[in-house]
Each structure stands twice: as structure tokens, then as C-alpha cells.
>>> print(open('work.tsv').read())   # TSV, C-alpha atoms
chain	number	residue	atom	x	y	z
A	1	MET	CA	169.80	209.70	93.60
A	2	PRO	CA	173.25	211.27	93.01
A	3	GLY	CA	172.19	212.27	89.50
A	4	THR	CA	169.13	214.07	90.85
A	5	THR	CA	171.23	215.89	93.43
A	6	SER	CA	173.73	216.92	90.77
A	7	ARG	CA	171.00	218.29	88.50
A	8	LEU	CA	169.37	220.15	91.40
A	9	LEU	CA	172.68	221.76	92.38
A	10	GLY	CA	173.21	222.72	88.74
A	11	LEU	CA	169.91	224.60	88.83
A	12	VAL	CA	170.73	226.35	92.11
A	13	ARG	CA	174.29	227.41	91.21
A	14	PRO	CA	173.28	230.46	89.12
A	15	LEU	CA	171.38	231.82	92.13
A	16	LEU	CA	174.49	231.89	94.32
A	17	PRO	CA	176.61	235.03	94.60
A	18	GLY	CA	179.83	235.21	92.62
A	19	PRO	CA	183.30	235.69	94.09
A	20	PRO	CA	184.25	239.09	95.51
A	21	ALA	CA	185.93	241.59	93.19
A	22	ASP	CA	188.99	241.78	95.47
A	23	PRO	CA	190.90	238.44	95.47
A	24	ALA	CA	192.17	239.19	98.99
A	25	LEU	CA	188.58	238.79	100.19
A	26	ALA	CA	188.14	235.37	98.56
A	27	GLY	CA	188.19	233.57	101.93
A	28	ILE	CA	185.21	232.75	104.10
A	29	GLU	CA	182.47	235.35	103.97
A	30	PRO	CA	179.59	235.72	106.45
A	31	GLY	CA	176.19	235.02	104.95
A	32	HIS	CA	174.89	238.53	105.57
A	33	ARG	CA	177.69	239.97	103.42
A	34	ALA	CA	177.02	237.53	100.60
A	35	HIS	CA	173.33	238.35	100.85
A	36	GLU	CA	174.07	242.10	100.61
A	37	ARG	CA	176.07	241.54	97.39
A	38	THR	CA	173.24	239.56	95.80
A	39	ASN	CA	170.09	241.27	94.59
A	40	SER	CA	168.01	238.14	94.07
A	41	ARG	CA	164.33	237.92	94.85
A	42	VAL	CA	164.59	234.14	94.73
A	43	LEU	CA	167.36	234.06	97.34
A	44	ARG	CA	165.43	236.49	99.53
A	45	SER	CA	162.31	234.32	99.38
A	46	LEU	CA	164.28	231.13	100.08
A	47	THR	CA	165.91	232.63	103.17
A	48	THR	CA	162.81	234.33	104.60
A	49	MET	CA	162.15	231.66	107.23
A	50	GLY	CA	165.81	231.59	108.33
A	51	ARG	CA	165.96	235.37	108.69
A	52	SER	CA	162.69	235.32	110.64
A	53	ALA	CA	164.07	232.70	113.02
A	54	ALA	CA	167.28	234.71	113.48
A	55	ARG	CA	165.25	237.76	114.49
A	56	ARG	CA	163.08	235.68	116.80
A	57	PHE	CA	166.11	234.22	118.61
A	58	ASN	CA	168.05	237.52	118.68
A	59	GLN	CA	170.85	236.28	116.42
A	60	ARG	CA	172.35	239.49	115.19
A	61	ARG	CA	175.36	240.32	113.04
A	62	ALA	CA	178.66	240.98	114.72
A	63	THR	CA	179.30	244.73	114.77
A	64	SER	CA	183.09	244.35	114.49
A	65	THR	CA	183.02	242.95	110.91
>>> encode(input="work.tsv", output="C-alpha cells")
Amino acid sequence: MPGTTSRLLGLVRPLLPGPPADPALAGIEPGHRAHERTNSRVLRSLTTMGRSAARRFNQRRATST
């Protein structure tokens, strides 16, 4: 099973956003910011249900960030 997980993660890695251009921002980044930097239809389709649930339960972005 670990081999399968490793191969699956190897397939998913190219879909993830890269590091920020500014090294000072290389810390933790909220998901909505990472999503804004990535223009991936695949990522959008994979997160559709999560975004729908967030809207349904009024989970909104913090306005101070």
C-alpha cells in the first residue's frame, strides 16, 4: 500500500501550486491564496464540493489578510 500512495502522490504533485516568488512569503499560506495563484481546471473541479460546503456553512475568508 505505501507504494501505491507514493505513486498517487507523485501524480498529484504537478497539480499543486509552486512556492511564492517572494521567499519572505514562503511560510504558511491560506488555501484561498494558493488557489488564486493556481489556474488549474483540475484543482477547481477537485475542490468544488469543499467550496460549496464552505458557502453553505458561511465559512468566509478573513478580511484582514
>>> closest_residue(input="work.tsv", among="A:Gly3, A:Leu8, A:His35, A:Pro19", to="Arg51 (chain A)", atoms="all atoms listed in the file")
A:His35
>>> closest_residue(input="work.tsv", among="A:Ile28, A:Met1, A:Val42, A:Ala53", to="Pro14 (chain A)", atoms="only C-alpha atoms")
A:Val42
>>> atom_distance(input="work.tsv", atom1="CA of Ala34 (chain A)", atom2="CA of Ala21 (chain A)")
12.3 Å
>>> atom_distance(input="work.tsv", atom1="CA of Pro17 (chain A)", atom2="CA of Arg33 (chain A)")
10.2 Å
>>> atom_distance(input="work.tsv", atom1="CA of Ala54 (chain A)", atom2="CA of Leu11 (chain A)")
26.8 Å
>>> closest_residue(input="work.tsv", among="A:Thr38, A:Pro23, A:Arg7, A:His32", to="Gly50 (chain A)", atoms="all atoms listed in the file")
A:His32
>>> closest_residue(input="work.tsv", among="A:Pro30, A:Val12, A:Ala24, A:Asn58", to="Leu46 (chain A)", atoms="all atoms listed in the file")
A:Val12
>>> closest_residue(input="work.tsv", among="A:Ser6, A:Met49, A:Leu16, A:Gln59", to="Arg37 (chain A)", atoms="only C-alpha atoms")
A:Leu16
>>> axis_aligned_box(input="work.tsv", around="region 44-58 of chain A", padding_each_side="5 Å", output="lines of an AutoDock Vina configuration file")
center_x = 165.1
center_y = 234.4
center_z = 109.0
size_x = 15.9
size_y = 16.6
size_z = 29.3
>>> decode(input="work.tsv", residues="region 3-30 of chain A", atoms="N, CA, C and O atoms", output="CSV table (one decimal), in the first residue's frame")
chain,number,residue,atom,x,y,z
A,3,GLY,N,3.6,1.9,-1.6
A,3,GLY,CA,4.0,2.1,-2.9
A,3,GLY,C,2.9,2.8,-3.8
A,3,GLY,O,3.2,3.7,-4.6
A,4,THR,N,1.7,2.3,-3.6
A,4,THR,CA,0.5,2.9,-4.3
A,4,THR,C,0.3,4.4,-3.9
A,4,THR,O,0.1,5.3,-4.7
A,5,THR,N,0.4,4.6,-2.6
A,5,THR,CA,0.3,6.0,-2.1
A,5,THR,C,1.4,6.9,-2.6
A,5,THR,O,1.1,8.0,-3.1
A,6,SER,N,2.6,6.4,-2.7
A,6,SER,CA,3.7,7.2,-3.2
A,6,SER,C,3.5,7.5,-4.7
A,6,SER,O,3.7,8.6,-5.1
A,7,ARG,N,3.0,6.5,-5.5
A,7,ARG,CA,2.8,6.8,-6.9
A,7,ARG,C,1.6,7.8,-7.1
A,7,ARG,O,1.7,8.7,-7.9
A,8,LEU,N,0.6,7.6,-6.3
A,8,LEU,CA,-0.5,8.6,-6.4
A,8,LEU,C,-0.1,10.0,-6.0
A,8,LEU,O,-0.4,10.9,-6.8
A,9,LEU,N,0.7,10.2,-5.0
A,9,LEU,CA,1.2,11.5,-4.6
A,9,LEU,C,2.1,12.1,-5.7
A,9,LEU,O,2.1,13.3,-6.0
A,10,GLY,N,2.9,11.2,-6.4
A,10,GLY,CA,3.7,11.6,-7.5
A,10,GLY,C,2.9,12.1,-8.7
A,10,GLY,O,3.3,13.1,-9.4
A,11,LEU,N,1.7,11.6,-8.9
A,11,LEU,CA,0.8,12.1,-9.9
A,11,LEU,C,0.1,13.4,-9.6
A,11,LEU,O,-0.1,14.2,-10.4
A,12,VAL,N,-0.1,13.6,-8.3
A,12,VAL,CA,-0.8,14.8,-7.8
A,12,VAL,C,0.1,16.0,-7.7
A,12,VAL,O,-0.3,17.1,-7.9
A,13,ARG,N,1.4,15.7,-7.4
A,13,ARG,CA,2.3,16.8,-7.1
A,13,ARG,C,2.3,17.9,-8.2
A,13,ARG,O,2.4,19.1,-7.9
A,14,PRO,N,2.3,17.6,-9.5
A,14,PRO,CA,2.4,18.6,-10.5
A,14,PRO,C,1.1,19.5,-10.5
A,14,PRO,O,1.2,20.6,-11.0
A,15,LEU,N,0.1,19.1,-9.9
A,15,LEU,CA,-1.2,19.9,-9.8
A,15,LEU,C,-1.1,20.9,-8.7
A,15,LEU,O,-1.9,21.9,-8.7
A,16,LEU,N,-0.2,20.8,-7.8
A,16,LEU,CA,-0.1,21.7,-6.6
A,16,LEU,C,0.6,23.0,-7.0
A,16,LEU,O,1.5,23.0,-7.9
A,17,PRO,N,0.2,24.1,-6.4
A,17,PRO,CA,0.9,25.4,-6.7
A,17,PRO,C,2.3,25.4,-6.3
A,17,PRO,O,2.7,24.7,-5.3
A,18,GLY,N,3.2,26.1,-7.0
A,18,GLY,CA,4.6,26.2,-6.6
A,18,GLY,C,4.8,27.2,-5.5
A,18,GLY,O,3.8,27.8,-5.0
A,19,PRO,N,6.0,27.4,-5.1
A,19,PRO,CA,6.3,28.3,-4.0
A,19,PRO,C,6.1,29.8,-4.4
A,19,PRO,O,6.2,30.1,-5.6
A,20,PRO,N,5.8,30.7,-3.5
A,20,PRO,CA,5.6,32.1,-3.9
A,20,PRO,C,6.9,32.7,-4.4
A,20,PRO,O,8.0,32.2,-4.1
A,21,ALA,N,6.8,33.7,-5.2
A,21,ALA,CA,8.0,34.3,-5.8
A,21,ALA,C,8.9,35.0,-4.8
A,21,ALA,O,10.1,35.1,-4.9
A,22,ASP,N,8.2,35.6,-3.7
A,22,ASP,CA,8.9,36.2,-2.7
A,22,ASP,C,9.3,35.2,-1.6
A,22,ASP,O,8.4,34.7,-0.9
A,23,PRO,N,10.6,35.0,-1.3
A,23,PRO,CA,10.9,34.0,-0.2
A,23,PRO,C,10.4,34.4,1.1
A,23,PRO,O,10.2,33.5,2.0
A,24,ALA,N,10.2,35.6,1.4
A,24,ALA,CA,9.6,36.0,2.7
A,24,ALA,C,8.2,35.5,2.9
A,24,ALA,O,7.8,35.4,4.0
A,25,LEU,N,7.5,35.2,1.8
A,25,LEU,CA,6.2,34.7,1.9
A,25,LEU,C,6.1,33.1,1.9
A,25,LEU,O,5.1,32.5,1.7
A,26,ALA,N,7.3,32.5,2.1
A,26,ALA,CA,7.3,31.0,2.0
A,26,ALA,C,6.8,30.3,3.2
A,26,ALA,O,6.8,29.1,3.2
A,27,GLY,N,6.2,31.0,4.1
A,27,GLY,CA,5.6,30.3,5.3
A,27,GLY,C,4.2,29.7,4.9
A,27,GLY,O,4.0,29.3,3.8
A,28,ILE,N,3.4,29.6,5.9
A,28,ILE,CA,2.1,29.0,5.7
A,28,ILE,C,1.2,30.0,4.9
A,28,ILE,O,1.2,31.2,5.2
A,29,GLU,N,0.5,29.4,4.0
A,29,GLU,CA,-0.4,30.3,3.1
A,29,GLU,C,-1.8,29.7,3.2
A,29,GLU,O,-2.0,28.5,3.0
A,30,PRO,N,-2.8,30.6,3.4
A,30,PRO,CA,-4.2,30.2,3.3
A,30,PRO,C,-4.5,29.5,2.0
A,30,PRO,O,-4.0,29.9,1.0
